[in-house]
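Undergrad: Coordinates in upload31.txt, compact mmCIF, C-alpha atoms and all ligand atoms, are listed below.
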```txt
# COMPACT_ATOMS: atom_id res chain seq x y z
CA MET A 152 88.58 78.09 84.28
CA THR A 153 89.37 79.27 80.79
CA SER A 154 92.72 80.49 79.56
CA ILE A 155 92.58 83.92 78.06
CA ILE A 156 96.27 84.05 77.20
CA THR A 157 98.37 81.25 75.78
CA VAL A 158 102.04 81.86 75.10
CA LYS A 159 104.02 79.13 73.36
CA ASN A 160 107.77 79.02 72.91
CA LEU A 161 108.06 82.80 72.58
CA LYS A 162 111.49 84.03 71.56
CA LYS A 163 112.85 87.50 71.05
CA VAL A 164 116.29 88.34 69.80
CA TYR A 165 117.14 92.04 69.76
CA LYS A 166 119.60 93.14 67.13
CA THR A 167 121.61 96.25 67.91
CA HIS A 168 124.58 97.62 66.08
CA THR A 169 127.69 98.32 68.04
CA ARG A 170 130.65 100.56 67.48
CA LYS A 171 133.68 101.60 69.41
CA GLU A 172 133.74 105.08 70.92
CA GLY A 173 135.17 108.07 69.06
CA LEU A 174 134.30 109.98 65.92
CA SER A 175 136.46 108.00 63.48
CA ASN A 176 134.87 104.77 64.70
CA ALA A 177 131.45 106.36 64.28
CA ILE A 178 132.25 107.07 60.64
CA LYS A 179 133.76 103.62 60.08
CA SER A 180 130.70 102.01 61.58
CA LEU A 181 128.51 103.67 58.95
CA PHE A 182 130.21 101.52 56.31
CA ASN A 183 131.06 98.46 58.27
CA ARG A 184 128.27 97.78 60.70
CA LYS A 185 128.82 95.26 63.43
CA TYR A 186 125.79 93.75 65.07
CA GLU A 187 125.20 92.35 68.47
CA TYR A 188 122.40 89.96 69.26
CA LYS A 189 120.65 89.78 72.59
CA GLN A 190 118.38 86.86 73.25
CA ALA A 191 115.89 88.48 75.60
CA LEU A 192 113.33 85.65 75.54
CA LYS A 193 114.58 82.11 75.06
CA GLY A 194 111.32 80.32 74.31
CA ILE A 195 108.88 80.99 77.13
CA SER A 196 105.48 79.34 77.47
CA PHE A 197 102.70 80.05 79.93
CA GLU A 198 98.95 80.41 80.28
CA ILE A 199 96.86 82.98 82.09
CA GLU A 200 93.30 82.39 83.18
CA GLU A 201 90.46 84.86 83.19
CA GLY A 202 90.15 87.00 86.29
CA GLU A 203 93.64 86.31 87.63
CA ILE A 204 96.09 88.90 88.91
CA VAL A 205 99.44 87.47 87.91
CA GLY A 206 102.76 88.83 89.16
CA PHE A 207 105.54 88.72 86.61
CA ILE A 208 108.81 89.01 88.48
CA GLY A 209 112.53 88.67 87.95
CA PRO A 210 115.77 90.65 88.10
CA ASN A 211 116.72 93.55 85.81
CA GLY A 212 117.06 92.51 82.21
CA ALA A 213 115.21 89.22 82.75
CA GLY A 214 112.74 89.83 79.92
CA LYS A 215 109.66 91.10 81.77
CA SER A 216 109.09 94.26 79.74
CA THR A 217 109.85 92.38 76.52
CA THR A 218 107.08 89.91 77.38
CA ILE A 219 104.64 92.71 78.28
CA LYS A 220 105.43 94.45 74.98
CA ALA A 221 104.86 91.23 73.03
CA LEU A 222 101.54 90.73 74.85
CA SER A 223 100.58 94.35 74.12
CA GLY A 224 101.32 93.95 70.43
CA PHE A 225 104.01 96.67 70.44
CA LEU A 226 106.72 94.21 69.57
CA TYR A 227 107.16 91.49 66.98
CA PRO A 228 108.70 88.46 68.59
CA THR A 229 111.37 86.52 66.69
CA SER A 230 109.33 83.34 66.88
CA GLY A 231 106.65 81.64 68.92
CA GLU A 232 102.98 82.10 69.44
CA VAL A 233 100.74 84.31 71.55
CA VAL A 234 96.97 84.06 71.61
CA SER A 235 95.49 86.69 73.90
CA LEU A 236 91.70 87.13 74.14
CA GLY A 237 91.56 85.19 70.88
CA PHE A 238 93.89 87.58 69.06
CA THR A 239 97.50 87.55 67.95
CA PRO A 240 98.51 90.85 69.56
CA TRP A 241 100.98 92.13 66.94
CA LYS A 242 98.71 91.12 64.03
CA ASP A 243 95.20 92.05 65.18
CA ARG A 244 96.13 95.29 66.91
CA VAL A 245 92.98 97.31 66.26
CA ASP A 246 90.48 94.73 67.50
CA TYR A 247 92.79 93.64 70.26
CA VAL A 248 93.41 97.04 71.88
CA ALA A 249 89.67 97.57 72.31
CA ASN A 250 89.91 94.88 74.99
CA LEU A 251 93.27 95.85 76.39
CA GLY A 252 94.65 98.37 78.88
CA VAL A 253 98.38 98.98 79.15
CA VAL A 254 100.34 101.01 81.68
CA LEU A 255 104.06 101.35 81.15
CA GLY A 256 105.47 102.86 84.32
CA GLN A 257 108.55 104.24 82.62
CA LYS A 258 106.85 105.77 79.59
CA ALA A 259 104.80 108.93 79.11
CA GLN A 260 101.34 107.92 77.92
CA LEU A 261 99.40 111.11 78.54
CA TRP A 262 99.42 114.36 76.61
CA TRP A 263 102.05 116.44 78.37
CA ASP A 264 100.50 119.89 77.89
CA LEU A 265 96.89 118.94 78.46
CA PRO A 266 95.07 118.22 81.69
CA ALA A 267 94.52 114.48 82.21
CA ILE A 268 90.77 114.95 81.88
CA ASP A 269 91.30 115.80 78.18
CA THR A 270 93.13 112.50 77.66
CA PHE A 271 90.24 110.75 79.37
CA TYR A 272 87.76 112.37 76.99
CA LEU A 273 89.97 111.36 74.10
CA SER A 274 89.78 107.75 75.27
CA LYS A 275 86.01 108.08 75.43
CA ASP A 276 85.91 109.05 71.75
CA VAL A 277 88.54 106.55 70.61
CA TYR A 278 86.80 103.65 72.31
CA GLY A 279 83.27 104.92 71.70
CA ILE A 280 82.30 104.85 75.36
CA LYS A 281 78.74 106.02 76.09
CA GLU A 282 78.57 109.37 77.94
CA SER A 283 76.73 107.97 80.97
CA THR A 284 79.02 104.91 81.26
CA PHE A 285 82.06 107.13 80.86
CA LYS A 286 80.92 109.52 83.58
CA SER A 287 80.10 106.82 86.11
CA ARG A 288 83.37 104.94 85.48
CA LEU A 289 85.41 108.11 85.62
CA ASN A 290 83.75 109.21 88.85
CA PHE A 291 84.33 105.83 90.42
CA MET A 292 88.03 105.80 89.57
CA VAL A 293 88.77 109.45 90.21
CA LYS A 294 87.21 109.26 93.66
CA LEU A 295 89.04 106.11 94.63
CA LEU A 296 92.38 107.44 93.50
CA ASP A 297 91.90 110.97 94.85
CA LEU A 298 92.24 112.65 91.49
CA GLU A 299 89.29 115.06 91.59
CA LYS A 300 91.36 118.22 91.71
CA VAL A 301 94.53 117.18 90.03
CA MET A 302 93.02 115.87 86.79
CA HIS A 303 92.32 119.45 85.70
CA THR A 304 95.96 120.54 85.85
CA PRO A 305 98.31 119.97 82.90
CA VAL A 306 100.06 116.62 83.08
CA ARG A 307 103.50 118.22 83.05
CA ASP A 308 102.71 119.94 86.37
CA MET A 309 101.62 116.74 88.09
CA SER A 310 103.73 114.74 90.49
CA LEU A 311 105.06 111.38 89.38
CA GLY A 312 102.49 109.53 91.47
CA GLU A 313 99.57 111.63 90.24
CA ARG A 314 100.63 111.01 86.65
CA MET A 315 100.82 107.30 87.30
CA LYS A 316 97.33 107.22 88.75
CA CYS A 317 96.00 109.11 85.72
CA LYS A 318 97.71 106.64 83.43
CA LEU A 319 95.89 103.83 85.20
CA VAL A 320 92.55 105.62 84.80
CA ALA A 321 93.23 106.22 81.09
CA ALA A 322 94.07 102.53 80.65
CA LEU A 323 90.90 101.36 82.40
CA LEU A 324 88.22 103.75 81.14
CA HIS A 325 87.06 101.45 78.34
CA ASN A 326 86.77 98.62 80.86
CA PRO A 327 89.26 96.28 79.15
CA LYS A 328 89.18 92.56 79.82
CA LEU A 329 92.94 92.46 80.15
CA VAL A 330 95.29 94.99 81.74
CA LEU A 331 99.07 94.84 81.44
CA LEU A 332 100.99 96.85 84.02
CA ASP A 333 104.74 97.24 83.67
CA GLU A 334 106.08 98.64 86.94
CA PRO A 335 102.96 100.69 87.57
CA SER A 336 103.75 101.77 91.10
CA ILE A 337 107.13 103.36 90.40
CA GLY A 338 107.26 106.69 92.20
CA LEU A 339 104.17 106.19 94.32
CA ASP A 340 104.37 106.87 98.04
CA VAL A 341 103.21 104.28 100.55
CA ILE A 342 99.68 105.65 100.82
CA ALA A 343 99.28 106.00 97.08
CA LYS A 344 100.60 102.46 96.61
CA ASP A 345 98.00 101.19 99.02
CA LYS A 346 95.20 102.97 97.18
CA PHE A 347 96.55 101.76 93.87
CA ARG A 348 96.54 98.15 95.03
CA ASP A 349 93.08 98.35 96.59
CA PHE A 350 91.86 99.87 93.38
CA ILE A 351 93.30 97.07 91.22
CA LYS A 352 91.76 94.50 93.54
CA LEU A 353 88.39 96.20 93.36
CA VAL A 354 88.39 96.45 89.56
CA ASN A 355 89.49 92.81 89.39
CA LYS A 356 86.62 91.75 91.60
CA LYS A 357 83.96 93.99 90.11
CA TYR A 358 84.65 93.32 86.42
CA LYS A 359 86.67 90.07 86.54
CA THR A 360 89.44 92.03 84.81
CA THR A 361 92.62 90.02 84.31
CA PHE A 362 95.83 91.78 85.33
CA ILE A 363 99.44 91.00 84.60
CA ILE A 364 101.77 93.11 86.65
CA THR A 365 105.54 93.40 86.67
CA THR A 366 107.14 94.94 89.70
CA HIS A 367 110.24 94.87 91.86
CA ASP A 368 108.06 95.54 94.89
CA MET A 369 107.52 92.21 96.59
CA GLN A 370 104.94 93.63 98.97
CA GLU A 371 102.88 94.48 95.94
CA ILE A 372 103.12 90.88 94.74
CA GLU A 373 102.14 89.55 98.15
CA ARG A 374 99.19 91.90 98.36
CA LEU A 375 97.84 91.39 94.87
CA CYS A 376 98.85 88.11 93.32
CA LYS A 377 97.90 84.53 94.02
CA LYS A 378 99.83 83.38 90.98
CA ILE A 379 103.34 84.38 90.00
CA ILE A 380 105.63 83.75 87.07
CA ILE A 381 109.33 84.18 87.74
CA ILE A 382 111.57 84.88 84.79
CA ASN A 383 115.35 84.90 84.79
CA ASN A 384 117.64 85.43 81.85
CA GLY A 385 114.85 85.00 79.29
CA GLN A 386 113.55 81.76 80.78
CA ILE A 387 110.68 80.98 83.10
CA VAL A 388 111.97 79.48 86.32
CA TYR A 389 108.67 79.29 88.17
CA ASP A 390 105.02 79.38 87.19
CA GLY A 391 102.54 78.64 89.93
CA LEU A 392 100.95 79.77 93.13
CA LEU A 393 102.80 82.18 95.37
CA LYS A 394 101.86 80.10 98.38
CA ASP A 395 103.39 76.94 96.86
CA ILE A 396 106.74 78.58 96.26
CA LYS A 397 106.60 79.95 99.76
CA LYS A 398 105.94 76.47 101.09
CA LYS A 399 108.87 75.04 99.17
CA TYR A 400 111.32 77.71 100.24
CA LEU A 401 109.78 78.47 103.55
CA SER A 402 111.13 75.80 105.79
CA ASN A 403 112.22 78.73 107.97
CA LYS A 404 110.01 80.97 110.07
CA PHE A 405 110.86 84.22 111.75
CA ILE A 406 109.84 84.86 115.35
CA ASP A 407 109.94 88.36 116.72
CA VAL A 408 109.58 88.55 120.50
CA LYS A 409 109.04 91.69 122.56
CA LEU A 410 109.94 91.44 126.24
CA GLU A 411 108.38 93.12 129.29
CA THR A 412 111.65 92.91 131.22
CA LYS A 413 115.27 92.56 130.14
CA GLY A 414 116.17 89.06 129.01
CA GLU A 415 119.21 86.81 128.83
CA LYS A 416 120.82 85.76 125.55
CA PHE A 417 118.53 83.31 123.75
CA LYS A 418 119.89 79.90 122.87
CA LEU A 419 118.08 76.90 121.42
CA ARG A 420 119.00 74.23 118.90
CA TYR A 421 118.02 74.84 115.21
CA CYS A 422 117.32 78.47 116.04
CA LYS A 423 119.44 81.34 114.82
CA VAL A 424 119.31 84.62 116.71
CA VAL A 425 119.09 87.24 113.98
CA GLU A 426 119.09 90.15 116.40
CA GLN A 427 118.79 90.60 120.13
CA ASN A 428 118.69 93.63 122.36
CA GLU A 429 117.44 94.11 125.91
CA TYR A 430 113.74 94.07 125.06
CA GLU A 431 113.57 92.27 121.74
CA ILE A 432 114.71 88.98 120.21
CA LYS A 433 114.49 88.06 116.53
CA ILE A 434 114.92 84.40 115.75
CA GLU A 435 115.04 82.36 112.55
CA VAL A 436 113.74 78.85 113.10
CA ASN A 437 114.49 75.82 110.95
CA THR A 438 111.04 74.23 111.06
CA THR A 439 112.20 70.98 109.44
CA LYS A 440 114.18 70.30 112.63
CA ILE A 441 112.16 71.91 115.38
CA LYS A 442 108.49 72.84 115.81
CA VAL A 443 107.58 76.50 116.18
CA LYS A 444 105.47 75.44 119.18
CA GLU A 445 108.57 74.13 120.93
CA VAL A 446 110.40 77.41 120.36
CA ILE A 447 107.44 79.42 121.65
CA ASN A 448 107.21 77.23 124.75
CA SER A 449 110.89 77.76 125.44
CA LEU A 450 110.47 81.52 125.02
CA LEU A 451 107.44 81.67 127.30
CA SER A 452 109.11 79.69 130.06
CA ASN A 453 112.37 81.67 129.97
CA TYR A 454 111.25 85.24 129.36
CA ASP A 455 108.66 87.75 130.43
CA VAL A 456 107.06 87.93 126.98
CA ALA A 457 104.97 90.95 125.98
CA ASP A 458 104.32 90.06 122.35
CA ILE A 459 105.20 87.43 119.75
CA LEU A 460 105.00 87.74 116.00
CA ILE A 461 105.59 84.75 113.71
CA SER A 462 106.23 85.48 110.04
CA ASP A 463 107.42 83.95 106.77
CA PRO A 464 110.60 85.12 105.10
CA PRO A 465 109.85 87.81 102.54
CA ILE A 466 109.49 86.67 98.94
CA GLU A 467 112.71 88.56 98.03
CA THR A 468 114.67 86.11 100.12
CA ILE A 469 113.01 83.20 98.34
CA ILE A 470 113.77 84.61 94.93
CA GLN A 471 117.38 85.21 95.87
CA GLN A 472 117.58 81.57 96.89
CA ILE A 473 116.22 80.48 93.52
CA PHE A 474 118.66 82.65 91.63
CA ARG A 475 121.53 81.43 93.75
CA SER A 476 120.62 77.79 93.21
CA LYS A 477 122.87 76.03 90.68
CA ASP A 478 120.87 76.24 87.46
CA GLY A 479 118.60 79.08 88.52
CA LYS A 480 115.60 76.73 88.39
CA VAL A 481 113.07 76.03 91.10
N1 LIG B 1 115.18 97.60 72.24
C1 LIG B 1 116.13 96.82 72.70
N2 LIG B 1 117.28 96.62 71.98
C2 LIG B 1 118.25 95.80 72.42
N3 LIG B 1 118.21 95.12 73.58
C3 LIG B 1 117.11 95.27 74.34
C4 LIG B 1 116.02 96.13 73.95
N4 LIG B 1 115.07 96.08 74.91
C5 LIG B 1 115.54 95.24 75.87
N5 LIG B 1 116.76 94.76 75.52
C6 LIG B 1 117.56 93.80 76.29
O1 LIG B 1 116.78 92.62 76.49
C7 LIG B 1 116.92 92.13 77.81
C8 LIG B 1 115.55 92.07 78.50
O2 LIG B 1 115.08 93.38 78.69
P1 LIG B 1 113.70 93.73 79.41
O3 LIG B 1 113.49 95.19 79.26
O4 LIG B 1 112.65 92.83 78.90
O5 LIG B 1 114.04 93.36 80.93
P2 LIG B 1 113.16 93.55 82.27
O6 LIG B 1 112.98 92.20 82.84
O7 LIG B 1 111.96 94.35 81.96
O8 LIG B 1 114.16 94.34 83.20
P3 LIG B 1 113.89 95.56 84.24
O9 LIG B 1 113.54 94.91 85.54
O10 LIG B 1 115.22 96.23 84.32
O11 LIG B 1 112.82 96.43 83.70
C9 LIG B 1 117.92 93.05 78.50
O12 LIG B 1 119.19 92.46 78.44
C10 LIG B 1 117.88 94.32 77.68
O13 LIG B 1 119.11 94.97 77.70
MG MG B 2 111.32 96.23 82.51
```
For the file at hand, write its structure as structure tokens.
TA:
Amino acid sequence: MTSIITVKNLKKVYKTHTRKEGLSNAIKSLFNRKYEYKQALKGISFEIEEGEIVGFIGPNGAGKSTTIKALSGFLYPTSGEVVSLGFTPWKDRVDYVANLGVVLGQKAQLWWDLPAIDTFYLSKDVYGIKESTFKSRLNFMVKLLDLEKVMHTPVRDMSLGERMKCKLVAALLHNPKLVLLDEPSIGLDVIAKDKFRDFIKLVNKKYKTTFIITTHDMQEIERLCKKIIIINNGQIVYDGLLKDIKKKYLSNKFIDVKLETKGEKFKLRYCKVVEQNEYEIKIEVNTTKIKVKEVINSLLSNYDVADILISDPPIETIIQQIFRSKDGKV
């Protein structure tokens, strides 16, 4: 596998000027500016390989968007190095963006008064996409994302989700090698989210497009990403496979049992009853102390079981555990 992005010791310090509230302070601050420094990235390093879908996750203010902006070339870092597709993003912008697609969930990226289709045609001209290629790509995306009708209405009249889908189309029309998505599924309903994810997977498979995606939606991460990078307070606390972090933090399993007939209170060592009502028992099992098989056997011999579901704790729980751990490191 080849790395298409290498980030080395990337730092970003934001400088903002502060002043106390009130008009007189506003005037004073014009002459005597006080600055505040925020170290948003404290020297992060990572590599991304071609064709990966990488989830970039972490709490609010962790530095995710700052990293995405540095990778997009919108932001000059304070120090450090980024080589993405062979370019330094903030230096070689023109050549770089020809290979790049960016979707910023929180930002308007389409012309407000024009129908989305006009923005798409603009992309065609900007990137010099051949008419036939443009048409077939556009058809493919528009169909998959259900945008046939809506792309002819002005962007300002679109729903949040429709706008987001159009942003994705606009970012992908020139078939970039790398796509950076900063909270792309904000405002999408469950069905739209599903389509969005299937679509990303399909594009990834068809064109080997590399995706980096930031999101607070852990289901999205589980559905899309084999690899994740967790960032906290400007530092990377985990970089590796999602399944490995699950393994490390997943000594517990959840068992959800549905009963045919009413059951007694469940009790077994190393098992915690999370919830129990007449026809359902939810148990958390410490698998370092007891085998799931043993718990199932106990359930089957003591209850009239209709259904059993065994699951891992959600990734949110794992991340909370990491953040709660002493130094915030995995
Ligand atoms: N332009 C800016 N000027 C000053 N400080 C900034 C600026 N942009 C971001 N910051 C600060 O840098 C830190 C990292 O911000 P960033 O937007 O990268 O976080 P994030 O991980 O994307 O968070 P969220 O999940 O809320 O989107 C935050 O403390 C934020 O307040
Ligand atoms: Mg952000």
Undergrad: 6 Å from ligand LIG 1 (chain B) is the threshold here; counting all atoms listed in the file, which polymer residues fall inside it? Answer as a list in words.
TA: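 The residues within 6 Å of ligand LIG 1 (chain B), counting all atoms listed in the file, are Tyr165, Thr167, Lys189, Ala191, Pro210, Asn211, Gly212, Ala213, Gly214, Lys215, Ser216 and Thr217 of chain A.
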Undergrad: Go ahead and save the picked residues with C-alpha atoms, as a CSV table (one decimal), keeping the file's coordinate frame.
TA:
```
chain,number,residue,atom,x,y,z
A,165,TYR,CA,117.1,92.0,69.8
A,167,THR,CA,121.6,96.2,67.9
A,189,LYS,CA,120.6,89.8,72.6
A,191,ALA,CA,115.9,88.5,75.6
A,210,PRO,CA,115.8,90.6,88.1
A,211,ASN,CA,116.7,93.6,85.8
A,212,GLY,CA,117.1,92.5,82.2
A,213,ALA,CA,115.2,89.2,82.8
A,214,GLY,CA,112.7,89.8,79.9
A,215,LYS,CA,109.7,91.1,81.8
A,216,SER,CA,109.1,94.3,79.7
A,217,THR,CA,109.8,92.4,76.5
```
Undergrad: Go through A:Ile434, A:Leu375, A:Leu255, A:Leu261 one by one, measure the shortest atom-to-atom distance of each to ligand MG 2 (chain B) using only C-alpha atoms and all ligand atoms, and give the residue with the smallest value.
TA: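 Comparing A:Ile434, A:Leu375, A:Leu255, A:Leu261 against ligand MG 2 (chain B), the winner is A:Leu255.
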Undergrad: For Ile155 of chain A, which residue among A:Glu187, A:Asp340, A:Asp455, A:Glu203 is the nearest when counting all atoms listed in the file?
TA: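 Result for the nearest residue to Ile155 of chain A: A:Glu203.
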Undergrad: Give the answer as one residue: which of A:Gly312, A:Gly202, A:Gly256, A:Gly385 has the shortest atom-to-atom distance to ligand MG 2 (chain B), using only C-alpha atoms and all ligand atoms?
TA: A:Gly256
Undergrad: Please report the interatomic distance between atom CA of Val306 of chain A and atom CA of Ser336 of chain A in Å with one decimal.
TA: 17.3 Å
Undergrad: For segment 313-330 of chain A, find every residue with an atom within 9 Å (counting only C-alpha atoms), except residues of its own chain fewer than 5 positions away, and show them as an MDAnalysis selection string.
TA: chainID A and resid 155 201:202 235:236 248:256 259:261 267:268 270:271 274:275 278:280 285 288:289 292:293 296:298 301:302 306:307 335:339 343 347 358:364
Undergrad: Could you name the residues that touch Lys433 of chain A at 6 Å or less, counting only C-alpha atoms, but leaving out those on the same chain fewer than 4 positions away, as a PyMOL selection string?
TA: chain A and resi 406-407+424-426
Undergrad: Using Å and a single decimal, report how far atom CA of Tyr188 of chain A sits from atom CA of Val158 of chain A.
TA: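 Answer for the atom CA of Val158 of chain A to atom CA of Tyr188 of chain A separation: 22.7 Å.
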Undergrad: Have a look at atom CA of Tyr247 of chain A and atom CA of Phe225 of chain A and let me know their distance in Å, one decimal.
TA: 11.6 Å
Undergrad: So, counting only C-alpha atoms, which residue among A:Asn355, A:Asn176, A:Asn384, A:Gln257 is closest to Gln190 of chain A?
TA: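 Of A:Asn355, A:Asn176, A:Asn384, A:Gln257, the one nearest Gln190 of chain A is A:Asn384, counting only C-alpha atoms.
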Undergrad: I'd like to know which of A:Glu232, A:Asp333, A:Glu200, A:Asp308 is closest to ligand MG 2 (chain B), using only C-alpha atoms and all ligand atoms.
TA: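 Nearest to ligand MG 2 (chain B): A:Asp333.
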Undergrad: Which residue out of A:Lys346, A:Lys378, A:Val245, A:Ile469 has the minimum interatomic distance to Lys398 of chain A when only C-alpha atoms are used?
TA: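 Nearest to Lys398 of chain A: A:Ile469.
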